[in-house]
file target.cif (mmCIF, C-alpha atoms)
data_input
#
loop_
_atom_site.label_atom_id
_atom_site.label_comp_id
_atom_site.auth_asym_id
_atom_site.auth_seq_id
_atom_site.Cartn_x
_atom_site.Cartn_y
_atom_site.Cartn_z
CA MET A 1 177.36 230.08 222.77
CA ARG A 2 175.17 227.73 220.69
CA LEU A 3 178.10 225.36 220.31
CA THR A 4 178.60 225.32 224.09
CA PHE A 5 174.96 224.35 224.66
CA LEU A 6 175.18 221.72 221.92
CA LEU A 7 178.24 220.20 223.57
CA LEU A 8 176.55 220.27 226.97
CA PHE A 9 173.46 218.63 225.45
CA LEU A 10 175.59 215.86 223.96
CA CYS A 11 177.28 215.42 227.34
CA HIS A 12 173.86 214.87 228.89
CA LEU A 13 173.16 211.95 226.61
CA SER A 14 175.86 209.66 227.96
CA PHE A 15 176.45 208.90 231.62
CA ALA A 16 179.54 207.63 233.30
CA GLN A 17 179.26 204.10 234.63
CA VAL A 18 179.96 204.28 238.31
CA ASN A 19 179.59 201.74 241.07
CA ILE A 20 178.82 201.84 244.76
CA VAL A 21 182.53 202.00 245.67
CA GLN A 22 182.76 205.27 243.75
CA LEU A 23 179.38 206.55 244.94
CA MET A 24 180.57 206.14 248.53
CA GLY A 25 183.82 208.02 248.01
CA ILE A 26 185.95 204.93 248.62
CA GLU A 27 187.54 205.11 245.19
CA ASN A 28 187.66 208.03 242.75
CA SER A 29 189.16 206.82 239.47
CA HIS A 30 186.11 208.15 237.60
CA LEU A 31 186.99 211.76 238.48
CA SER A 32 189.24 214.31 236.88
CA THR A 33 191.10 217.14 238.54
CA PHE A 34 189.67 220.65 238.28
CA ASP A 35 191.88 223.30 239.89
CA THR A 36 192.54 221.80 243.29
CA HIS A 37 189.29 219.83 243.27
CA LYS A 38 187.99 216.64 241.76
CA LEU A 39 184.85 216.38 239.60
CA THR A 40 183.48 214.01 237.00
CA PRO A 41 184.78 215.12 233.59
CA LYS A 42 181.26 216.09 232.48
CA THR A 43 180.58 218.10 235.63
CA ALA A 44 183.93 219.86 235.18
CA THR A 45 183.11 220.74 231.56
CA ALA A 46 179.68 222.08 232.47
CA PHE A 47 181.01 223.98 235.47
CA SER A 48 183.77 225.54 233.40
CA ALA A 49 181.22 226.76 230.86
CA MET A 50 179.00 228.16 233.60
CA GLN A 51 181.94 229.84 235.30
CA ALA A 52 182.96 231.56 232.04
CA ALA A 53 179.40 232.78 231.39
CA ALA A 54 179.05 234.12 234.94
CA LEU A 55 182.35 235.95 234.69
CA LYS A 56 180.99 237.90 231.73
CA ASP A 57 178.23 239.09 234.07
CA GLY A 58 180.73 240.03 236.76
CA ILE A 59 180.19 236.98 238.95
CA ASN A 60 183.32 235.05 239.82
CA ILE A 61 182.06 231.56 240.74
CA GLN A 62 184.64 229.70 242.76
CA LEU A 63 184.57 226.17 244.10
CA LEU A 64 184.74 225.85 247.84
CA SER A 65 184.21 222.14 247.85
CA ALA A 66 183.60 219.43 245.26
CA TYR A 67 184.48 215.75 245.60
CA ARG A 68 184.96 214.52 249.13
CA SER A 69 186.25 211.06 250.03
CA PHE A 70 184.63 208.69 252.53
CA GLU A 71 187.61 209.22 254.84
CA ARG A 72 187.19 212.99 254.71
CA GLN A 73 183.48 212.73 255.47
CA GLN A 74 184.29 210.30 258.27
CA TYR A 75 186.72 212.84 259.71
CA ILE A 76 184.07 215.59 259.56
CA TRP A 77 181.49 213.29 261.14
CA GLU A 78 183.73 212.05 263.94
CA ASP A 79 185.06 215.52 264.71
CA LYS A 80 181.52 216.83 265.16
CA PHE A 81 180.41 213.74 267.08
CA GLU A 82 183.26 214.14 269.56
CA ARG A 83 182.75 217.87 269.98
CA TYR A 84 179.01 217.61 270.51
CA THR A 85 179.21 214.70 272.93
CA ALA A 86 182.01 216.53 274.82
CA GLU A 87 179.57 219.45 275.17
CA GLY A 88 177.26 217.07 277.01
CA LEU A 89 174.89 215.98 274.26
CA SER A 90 173.80 212.36 274.22
CA PRO A 91 175.07 210.35 271.21
CA GLU A 92 171.58 210.43 269.69
CA ALA A 93 171.27 214.21 270.17
CA ALA A 94 174.79 214.72 268.77
CA ILE A 95 173.87 212.71 265.64
CA ALA A 96 170.67 214.73 265.22
CA ARG A 97 172.70 217.93 265.41
CA ILE A 98 175.32 216.68 262.92
CA LEU A 99 172.54 215.83 260.50
CA LYS A 100 171.49 219.45 260.20
CA TYR A 101 174.29 220.06 257.71
CA SER A 102 176.52 216.98 257.50
CA THR A 103 175.83 213.58 256.06
CA ILE A 104 176.63 210.15 257.38
CA PRO A 105 179.92 209.04 255.74
CA GLY A 106 179.21 207.14 252.55
CA THR A 107 175.97 208.99 251.84
CA SER A 108 177.26 212.43 250.86
CA ARG A 109 176.50 213.67 247.37
CA HIS A 110 179.98 215.15 247.49
CA HIS A 111 181.32 211.59 247.12
CA TRP A 112 179.97 211.54 243.57
CA GLY A 113 181.99 214.34 241.95
CA THR A 114 178.80 215.95 240.65
CA ASP A 115 178.12 218.26 243.58
CA ILE A 116 179.74 221.57 244.38
CA ASP A 117 179.72 224.21 247.09
CA ILE A 118 180.31 227.60 245.54
CA THR A 119 181.14 231.14 246.53
CA ASP A 120 181.80 234.42 244.74
CA GLY A 121 185.54 234.96 244.33
CA ASN A 122 184.98 238.74 244.11
CA ILE A 123 184.02 238.84 247.76
CA LYS A 124 187.14 239.02 249.89
CA ASP A 125 187.69 238.98 253.63
CA GLU A 126 184.46 237.21 254.37
CA LYS A 127 185.13 234.87 257.24
CA ARG A 128 182.14 232.56 257.49
CA LEU A 129 181.11 231.84 253.93
CA LEU A 130 178.44 229.20 254.17
CA VAL A 131 175.71 231.11 255.96
CA PRO A 132 172.27 231.06 254.24
CA ASN A 133 171.46 234.73 255.02
CA LYS A 134 174.56 235.90 253.18
CA PHE A 135 173.01 234.65 249.94
CA HIS A 136 169.90 236.80 250.25
CA ASN A 137 168.79 240.45 250.48
CA ASN A 138 171.90 242.59 250.88
CA GLY A 139 174.15 239.65 251.71
CA PRO A 140 177.58 239.53 250.00
CA PHE A 141 176.64 236.46 247.98
CA ALA A 142 173.16 237.63 246.96
CA PRO A 143 174.30 238.55 243.39
CA LEU A 144 175.86 235.10 243.00
CA HIS A 145 172.65 233.46 244.20
CA LYS A 146 170.55 235.60 241.89
CA TRP A 147 172.72 234.75 238.90
CA MET A 148 172.62 231.03 239.70
CA GLU A 149 168.84 231.11 240.11
CA ALA A 150 168.51 232.56 236.62
CA ASN A 151 171.22 230.63 234.79
CA ALA A 152 172.53 227.51 236.55
CA HIS A 153 169.90 225.19 235.03
CA ARG A 154 171.15 226.07 231.54
CA TYR A 155 174.38 224.29 232.43
CA GLY A 156 172.70 221.39 234.20
CA PHE A 157 173.20 222.65 237.77
CA TYR A 158 170.42 222.66 240.35
CA LEU A 159 170.27 223.64 244.00
CA VAL A 160 170.10 220.46 246.09
CA TYR A 161 168.83 221.54 249.49
CA THR A 162 166.20 224.08 248.53
CA LYS A 163 164.27 226.50 250.72
CA ASP A 164 161.14 224.44 250.56
CA ASN A 165 159.06 223.61 253.61
CA ALA A 166 157.81 220.40 251.99
CA ARG A 167 161.38 219.12 251.64
CA THR A 168 162.71 216.90 254.45
CA GLY A 169 166.25 216.37 255.68
CA PHE A 170 169.15 218.77 255.61
CA SER A 171 168.80 222.49 256.15
CA TYR A 172 168.68 224.97 253.30
CA GLU A 173 172.06 225.31 251.55
CA PRO A 174 172.05 228.08 248.91
CA TRP A 175 175.67 227.26 248.03
CA HIS A 176 175.26 223.57 247.16
CA TYR A 177 174.57 222.71 243.51
CA SER A 178 174.44 219.41 241.72
CA TYR A 179 175.05 218.55 238.08
CA LEU A 180 171.69 216.96 237.32
CA PRO A 181 172.42 214.91 234.18
CA GLU A 182 174.83 212.70 236.07
CA ALA A 183 173.66 213.14 239.65
CA LYS A 184 170.17 211.87 238.87
CA ALA A 185 171.60 208.69 237.38
CA PHE A 186 173.98 208.33 240.32
CA LEU A 187 171.13 208.54 242.80
CA ASN A 188 169.37 205.80 240.85
CA GLY A 189 172.50 203.66 241.03
CA TYR A 190 173.06 204.23 244.75
CA ASN A 191 172.60 201.08 246.80
CA SER A 192 171.54 202.04 250.30
CA ARG A 193 171.80 198.49 251.68
CA MET A 194 175.34 198.10 250.41
CA ALA A 195 176.24 201.51 251.81
CA PHE A 196 174.89 200.55 255.23
CA ALA A 197 176.91 197.32 255.19
CA TYR A 198 180.10 199.28 254.51
CA PHE A 199 179.31 201.99 257.07
CA LYS A 200 178.83 199.37 259.78
CA SER A 201 181.95 197.44 258.79
CA VAL A 202 184.31 200.42 259.10
CA GLY A 203 183.54 201.29 262.69
CA VAL A 204 182.80 205.01 262.34
CA ARG A 205 182.49 206.66 265.75
CA GLY A 206 178.87 206.78 266.82
CA SER A 207 177.85 204.12 264.29
CA GLU A 208 176.66 201.83 267.09
CA HIS A 209 173.76 204.28 267.52
CA ILE A 210 172.75 203.91 263.89
CA ASP A 211 170.86 200.73 263.22
CA ARG A 212 169.13 199.50 260.11
CA ASN A 213 165.83 201.25 260.92
CA PHE A 214 167.58 204.54 261.58
CA TRP A 215 169.53 204.17 258.35
CA ASP A 216 166.41 203.46 256.25
CA ASP A 217 164.63 206.41 257.80
CA TYR A 218 167.67 208.63 257.25
CA TYR A 219 167.97 207.50 253.63
CA ASN A 220 164.35 208.37 252.87
CA THR A 221 164.32 211.60 254.83
CA PHE A 222 167.78 213.01 254.14
CA VAL A 223 169.39 211.39 251.11
CA LYS A 224 166.11 211.68 249.25
CA GLY A 225 165.19 214.96 250.91
CA ILE A 226 166.36 216.98 247.93
CA ASN A 227 165.13 219.27 245.21
CA VAL A 228 162.47 217.21 243.41
CA LYS A 229 164.10 217.95 240.06
CA LEU A 230 167.12 215.96 241.17
CA MET A 231 165.13 212.94 242.27
CA GLY A 232 165.90 209.72 240.47
CA ASP A 233 163.30 207.56 238.73
CA MET B 1 189.08 127.33 257.84
CA LYS B 2 187.28 127.63 254.54
CA HIS B 3 183.92 127.28 256.27
CA LEU B 4 184.88 129.87 258.85
CA LEU B 5 185.64 132.38 256.08
CA VAL B 6 182.33 131.65 254.38
CA TYR B 7 180.45 132.13 257.69
CA LEU B 8 182.32 135.35 258.38
CA PHE B 9 181.52 136.64 254.91
CA LEU B 10 177.84 135.77 255.25
CA PHE B 11 177.69 137.32 258.71
CA ALA B 12 179.27 140.52 257.48
CA PHE B 13 177.05 140.59 254.39
CA PHE B 14 173.78 140.07 256.17
CA THR B 15 174.42 142.20 259.20
CA SER B 16 175.69 145.15 257.19
CA CYS B 17 173.74 147.40 254.95
CA ILE B 18 174.12 148.49 251.38
CA PRO B 19 174.57 152.24 251.03
CA LEU B 20 172.32 153.70 248.35
CA SER B 21 173.48 157.29 248.71
CA PHE B 22 176.02 159.07 250.86
CA ALA B 23 175.87 162.39 252.67
CA PRO B 24 179.27 163.94 252.10
CA ASN B 25 181.69 164.02 254.94
CA ILE B 26 183.12 167.56 255.11
CA LYS B 27 185.47 168.08 258.01
CA THR B 28 185.92 171.84 257.82
CA ASP B 29 184.76 173.18 254.47
CA LYS B 30 184.72 172.42 250.79
CA VAL B 31 184.62 174.73 247.80
CA LYS B 32 182.89 173.24 244.78
CA LEU B 33 180.27 173.98 242.18
CA ALA B 34 177.10 174.50 244.21
CA LYS B 35 174.93 172.88 241.56
CA ARG B 36 176.94 169.67 241.86
CA PHE B 37 176.23 169.62 245.55
CA LYS B 38 172.49 170.07 245.11
CA ARG B 39 170.74 170.41 241.78
CA ASP B 40 168.59 173.40 242.66
CA LEU B 41 171.64 175.53 243.52
CA PRO B 42 173.25 177.93 241.05
CA LYS B 43 176.12 177.14 238.70
CA GLN B 44 178.53 178.97 240.94
CA GLN B 45 181.30 177.98 243.30
CA GLY B 46 179.91 177.35 246.76
CA PHE B 47 181.65 177.50 250.11
CA ILE B 48 180.13 174.48 251.86
CA PHE B 49 180.27 173.36 255.45
CA GLU B 50 178.28 171.06 257.67
CA ASP B 51 175.95 172.86 260.06
CA PRO B 52 175.55 171.05 263.37
CA LYS B 53 173.15 173.68 264.70
CA GLU B 54 169.41 173.99 264.34
CA VAL B 55 167.69 174.81 261.06
CA ASP B 56 167.77 178.54 260.23
CA GLU B 57 170.40 179.27 262.91
CA PHE B 58 172.93 180.40 260.35
CA TYR B 59 170.40 182.87 258.96
CA THR B 60 169.76 184.16 262.47
CA PHE B 61 173.50 184.58 262.99
CA ILE B 62 173.94 186.43 259.69
CA ASN B 63 170.87 188.60 260.22
CA THR B 64 172.11 189.60 263.66
CA LYS B 65 175.68 190.17 262.53
CA TYR B 66 174.78 192.35 259.55
CA GLN B 67 171.56 193.80 261.00
CA LEU B 68 169.40 192.57 258.18
CA PRO B 69 165.65 193.00 258.11
CA GLY B 70 164.95 189.28 258.17
CA ILE B 71 164.06 187.06 255.29
CA ASP B 72 166.22 188.38 252.47
CA ARG B 73 168.94 185.85 251.81
CA LYS B 74 171.00 188.10 249.55
CA ILE B 75 173.38 189.83 251.87
CA PRO B 76 175.43 192.90 250.94
CA LEU B 77 178.94 192.45 252.19
CA TRP B 78 182.33 194.17 251.98
CA ILE B 79 185.62 192.30 251.95
CA ASP B 80 188.79 194.40 251.77
CA LYS B 81 186.79 197.42 250.56
CA LYS B 82 185.21 195.41 247.74
CA PRO B 83 181.44 194.95 247.69
CA TYR B 84 179.82 191.56 247.18
CA ILE B 85 176.44 189.93 247.39
CA MET B 86 176.49 186.82 249.54
CA ASN B 87 173.79 184.22 248.93
CA ILE B 88 173.12 181.68 251.61
CA TYR B 89 171.45 178.31 251.22
CA GLU B 90 170.74 175.55 253.72
CA ARG B 91 170.41 172.12 252.19
CA SER B 92 170.29 168.58 253.56
CA ARG B 93 172.01 165.52 252.15
CA ALA B 94 171.12 162.04 253.34
CA THR B 95 172.85 158.71 253.64
CA ASN B 96 170.38 156.02 252.61
CA THR B 97 171.11 152.34 253.21
CA PHE B 98 169.34 149.11 252.42
CA ASN B 99 169.37 146.76 255.42
CA PHE B 100 169.56 143.07 254.68
CA VAL B 101 168.65 141.54 258.02
CA PRO B 102 164.99 142.62 258.25
CA PHE B 103 164.57 141.89 254.56
CA ILE B 104 165.96 138.36 254.98
CA PHE B 105 163.77 137.79 258.07
CA ASP B 106 160.66 138.65 256.09
CA LEU B 107 161.86 136.48 253.20
CA VAL B 108 162.51 133.51 255.50
CA LEU B 109 159.15 133.92 257.27
CA SER B 110 157.42 134.11 253.92
CA ASN B 111 159.20 130.95 252.67
CA GLU B 112 158.24 129.17 255.89
CA GLY B 113 154.64 129.89 255.04
CA VAL B 114 154.19 132.42 257.82
CA GLU B 115 152.08 135.37 256.74
CA SER B 116 154.39 138.13 257.88
CA HIS B 117 153.06 140.74 255.40
CA GLY B 118 156.44 142.43 255.37
CA PHE B 119 156.50 142.76 259.16
CA PHE B 120 160.01 144.25 259.09
CA SER B 121 159.54 146.29 255.93
CA SER B 122 159.86 149.58 257.77
CA PHE B 123 163.40 148.55 258.69
CA TYR B 124 164.50 147.67 255.15
CA SER B 125 166.11 151.07 254.70
CA SER B 126 167.71 153.66 256.97
CA ARG B 127 168.23 157.36 256.43
CA TRP B 128 170.59 159.77 258.17
CA GLU B 129 170.37 163.41 257.27
CA LYS B 130 173.06 166.05 257.52
CA TRP B 131 172.52 169.77 257.02
CA PHE B 132 174.92 171.97 255.14
CA VAL B 133 175.34 175.70 254.63
CA ILE B 134 176.28 176.70 251.11
CA ILE B 135 177.51 180.24 250.47
CA THR B 136 178.01 181.83 247.07
CA LEU B 137 179.64 185.19 246.53
CA THR B 138 179.06 187.50 243.57
CA ASP B 139 180.93 190.72 242.86
CA LEU B 140 179.58 193.94 241.35
CA LYS B 141 180.31 192.73 237.84
CA GLU B 142 178.15 189.72 238.64
CA GLN B 143 181.21 187.47 238.53
CA ASP B 144 181.59 184.43 240.74
CA ALA B 145 183.89 185.76 243.46
CA LEU B 146 184.87 182.24 244.59
CA ALA B 147 185.82 181.02 241.12
CA PRO B 148 189.45 179.87 240.82
CA GLU B 149 190.19 182.68 238.35
CA HIS B 150 188.73 185.46 240.52
CA GLU B 151 191.49 187.81 241.67
CA LYS B 152 190.12 188.06 245.21
CA ARG B 153 189.26 184.39 245.70
CA LYS B 154 191.89 183.80 248.39
CA ALA B 155 190.84 186.79 250.48
CA ASN B 156 187.16 185.93 250.02
CA LEU B 157 187.65 182.34 251.16
CA LEU B 158 189.61 183.53 254.17
CA TYR B 159 186.72 185.84 255.08
CA LEU B 160 184.17 183.04 254.73
CA ARG B 161 186.28 180.65 256.81
CA ASN B 162 186.48 183.23 259.58
CA LEU B 163 182.73 183.76 259.31
CA GLN B 164 182.16 180.01 259.63
CA LYS B 165 184.45 179.78 262.66
CA GLU B 166 182.69 182.71 264.30
CA TYR B 167 179.30 181.11 263.70
CA LEU B 168 180.32 177.75 265.08
CA ASN B 169 181.98 179.30 268.13
CA THR B 170 179.28 181.83 268.94
CA ALA B 171 176.27 181.00 271.03
CA ASN B 172 174.97 184.50 271.58
CA TYR B 173 174.70 186.19 268.19
CA ARG B 174 174.65 189.68 269.66
CA GLU B 175 178.40 189.09 270.11
CA ALA B 176 178.68 188.61 266.36
CA TYR B 177 177.05 191.97 265.76
CA PHE B 178 179.71 193.71 267.81
CA LYS B 179 182.41 191.82 265.90
CA VAL B 180 181.15 193.14 262.57
CA LYS B 181 183.60 196.03 262.91
CA ASP B 182 186.58 193.66 262.89
#
call {"tool": "encode", "arguments": {"input": "target.cif", "output": "structure tokens"}}
result
Amino acid sequence: MRLTFLLLFLCHLSFAQVNIVQLMGIENSHLSTFDTHKLTPKTATAFSAMQAAALKDGINIQLLSAYRSFERQQYIWEDKFERYTAEGLSPEAAIARILKYSTIPGTSRHHWGTDIDITDGNIKDEKRLLVPNKFHNNGPFAPLHKWMEANAHRYGFYLVYTKDNARTGFSYEPWHYSYLPEAKAFLNGYNSRMAFAYFKSVGVRGSEHIDRNFWDDYYNTFVKGINVKLMGD
Amino acid sequence: MKHLLVYLFLFAFFTSCIPLSFAPNIKTDKVKLAKRFKRDLPKQQGFIFEDPKEVDEFYTFINTKYQLPGIDRKIPLWIDKKPYIMNIYERSRATNTFNFVPFIFDLVLSNEGVESHGFFSSFYSSRWEKWFVIITLTDLKEQDALAPEHEKRKANLLYLRNLQKEYLNTANYREAYFKVKD
């Protein structure tokens, strides 16, 4: 156990050098494969250690989602944009609704390979997994949440979108954790202006309704609307 | 015949002017070390073209096209999914000439004892100014992305040539903004 923590501590001391192409999910050569997912090697090591420790306590942490490419996020964005506008929402209202849970392509923390959505593999036959209430009280994922609250930080993982009224941006996500030692550095290295230039150059559906002012506001409110422990310098 | 040649030579000599410096004549574009074009520019390859439009129009075009906040002249840019920083400079170069005719007039008047006080002195030299746009491109590794050894030089130059064409052919820069998705 001590050796595991020592290894994790040493991992924390060195950070992978990543660039904006990788931080936007355009290229993923800095990631390694973990089961069917992709993570940074350090995130994978830390997650593996956390998973093993949780299993000893009867919690079977499973990855629902880890790395996500720009194209995948674009698909998610455009699918929602089309559905919401088809329901009669204006483009602006559709974007506001998407931004409750989904990011603008190129700005998702899932592009980094440090962020994970988790579930408890012991719970079977649960149809809709990512529902906040299911992680509390008598919800099926309450034990998982409780274990993570007590132990995740030991492995470098922190909840990103906390239940905190002072936090701005995305809604509460009790399933979304981030590997702080790398994610903090990645946020520092993220270039919002460069990201905006790429987003506008690709022609994502609905992007004509997102101008520079909207983007800057979104960046400050949503991308930086996270658990304060994960904030960069 | 000999006299005729002498007269022709003198006529040509005195009616013409002596160029002191030349503004370069760039038909479409030129890629060269920016610092050699103008001393205050960086030691980096520059994509240079003559700008026939008003001062600051290229900035207006770029700001509209890329939706930039205004005065920052370092522009984030993507070419073939590779990020770059584009720096834009506007510089003038002048052709300066020394004109013999007014100088000779003043000299003759002075020799004749007429107090001309350099009556034509304001015509001794002429100056024609041309304005140029100079673009440099730097990649994420802070390498000169227009340098001959840069792996993406060809694609980058193609992009800049298209940008130049678009600028010269566009009157309403809102059009350029909608073309940013090209």
call {"tool": "closest_atom_pairs", "arguments": {"input": "target.cif", "of": "chain A", "to": "chain B", "cutoff": "7 Å", "atoms": "only C-alpha atoms", "output": "JSON lines"}}
result
{"residue": "A:Arg193", "atom": "CA", "partner": "B:Pro76", "partner_atom": "CA", "distance": 6.7}
{"residue": "A:Met194", "atom": "CA", "partner": "B:Pro76", "partner_atom": "CA", "distance": 5.2}
{"residue": "A:Ala197", "atom": "CA", "partner": "B:Leu77", "partner_atom": "CA", "distance": 6.1}
{"residue": "A:Tyr198", "atom": "CA", "partner": "B:Trp78", "partner_atom": "CA", "distance": 6.1}
{"residue": "A:Lys200", "atom": "CA", "partner": "B:Lys181", "partner_atom": "CA", "distance": 6.6}
{"residue": "A:Ser201", "atom": "CA", "partner": "B:Lys181", "partner_atom": "CA", "distance": 4.7}
{"residue": "A:Val202", "atom": "CA", "partner": "B:Lys181", "partner_atom": "CA", "distance": 5.9}
{"residue": "A:Gly203", "atom": "CA", "partner": "B:Lys181", "partner_atom": "CA", "distance": 5.3}
{"residue": "A:Arg212", "atom": "CA", "partner": "B:Gln67", "partner_atom": "CA", "distance": 6.3}
call {"tool": "write_last_selection", "arguments": {"input": "target.cif", "atoms": "C-alpha atoms", "output": "mmCIF file, in the frame of the given file"}}
result
data_model
loop_
_atom_site.group_PDB
_atom_site.id
_atom_site.type_symbol
_atom_site.label_atom_id
_atom_site.label_comp_id
_atom_site.auth_asym_id
_atom_site.auth_seq_id
_atom_site.Cartn_x
_atom_site.Cartn_y
_atom_site.Cartn_z
ATOM 1 C CA ARG A 193 171.800 198.490 251.680
ATOM 2 C CA MET A 194 175.340 198.100 250.410
ATOM 3 C CA ALA A 197 176.910 197.320 255.190
ATOM 4 C CA TYR A 198 180.100 199.280 254.510
ATOM 5 C CA LYS A 200 178.830 199.370 259.780
ATOM 6 C CA SER A 201 181.950 197.440 258.790
ATOM 7 C CA VAL A 202 184.310 200.420 259.100
ATOM 8 C CA GLY A 203 183.540 201.290 262.690
ATOM 9 C CA ARG A 212 169.130 199.500 260.110
#
call {"tool": "axis_aligned_box", "arguments": {"input": "target.cif", "around": "stretch 145-159 of chain B", "padding_each_side": "3 Å", "output": "lines of an AutoDock Vina configuration file"}}
result
center_x = 187.9
center_y = 184.0
center_z = 246.7
size_x = 14.0
size_y = 14.2
size_z = 22.7
call {"tool": "residues_near_point", "arguments": {"input": "target.cif", "point": "(175.0, 222.5, 258.1)", "cutoff": "9 Å", "atoms": "all atoms listed in the file", "output": "tab-separated table (two decimals) with C-alpha atoms, keeping the file's coordinate frame"}}
result
chain	number	residue	atom	x	y	z
A	97	ARG	CA	172.70	217.93	265.41
A	98	ILE	CA	175.32	216.68	262.92
A	99	LEU	CA	172.54	215.83	260.50
A	100	LYS	CA	171.49	219.45	260.20
A	101	TYR	CA	174.29	220.06	257.71
A	102	SER	CA	176.52	216.98	257.50
A	130	LEU	CA	178.44	229.20	254.17
A	131	VAL	CA	175.71	231.11	255.96
A	170	PHE	CA	169.15	218.77	255.61
A	171	SER	CA	168.80	222.49	256.15
A	172	TYR	CA	168.68	224.97	253.30
A	173	GLU	CA	172.06	225.31	251.55
call {"tool": "resolve_selection", "arguments": {"input": "target.cif", "expression": "the PyMOL selection byres ((chain A and resi 192) around 9)", "output": "list in words"}}
result
Thr107, Tyr190, Asn191, Arg193, Met194, Ala195, Phe196, Ala197, Trp215, Asp216 and Tyr219 of chain A
call {"tool": "write_last_selection", "arguments": {"input": "target.cif", "atoms": "C-alpha atoms", "output": "compact mmCIF listing (two decimals), in the frame of the given file"}}
result
# COMPACT_ATOMS: atom_id res chain seq x y z
CA THR A 107 175.97 208.99 251.84
CA TYR A 190 173.06 204.23 244.75
CA ASN A 191 172.60 201.08 246.80
CA ARG A 193 171.80 198.49 251.68
CA MET A 194 175.34 198.10 250.41
CA ALA A 195 176.24 201.51 251.81
CA PHE A 196 174.89 200.55 255.23
CA ALA A 197 176.91 197.32 255.19
CA TRP A 215 169.53 204.17 258.35
CA ASP A 216 166.41 203.46 256.25
CA TYR A 219 167.97 207.50 253.63
call {"tool": "residues_around", "arguments": {"input": "target.cif", "residues": "B:Lys38", "least_positions_apart": "2", "cutoff": "12 Å", "atoms": "only C-alpha atoms", "output": "PyMOL selection string"}}
result
chain B and resi 23-24+32-36+40-46+48+89-94+131-134
call {"tool": "residues_around", "arguments": {"input": "target.cif", "residues": "B:Asp56", "least_positions_apart": "2", "cutoff": "12 Å", "atoms": "only C-alpha atoms", "output": "list in words"}}
result
Asp51, Pro52, Lys53, Glu54, Phe58, Tyr59, Thr60, Phe61, Ile62, Asn63, Gly70, Ile71, Arg73, Ile88, Tyr89, Glu90, Arg91, Trp131, Phe132 and Val133 of chain B
call {"tool": "residues_around", "arguments": {"input": "target.cif", "residues": "A:Asp120", "least_positions_apart": "5", "cutoff": "6 Å", "atoms": "only C-alpha atoms", "output": "CSV table (one decimal) with C-alpha atoms, keeping the file's coordinate frame"}}
result
chain,number,residue,atom,x,y,z
A,60,ASN,CA,183.3,235.0,239.8
A,61,ILE,CA,182.1,231.6,240.7
A,62,GLN,CA,184.6,229.7,242.8
call {"tool": "atom_distance", "arguments": {"input": "target.cif", "atom1": "atom CA of B:Asp144", "atom2": "atom CA of A:Trp112"}}
result
27.3 Å
call {"tool": "closest_residue", "arguments": {"input": "target.cif", "among": "B:Thr64, B:Ser126, B:Asn169, B:Gln143", "to": "B:Thr95", "atoms": "all atoms listed in the file"}}
result
B:Ser126
call {"tool": "atom_distance", "arguments": {"input": "target.cif", "atom1": "atom CA of A:Gln22", "atom2": "atom CA of A:Phe70"}}
result
9.6 Å
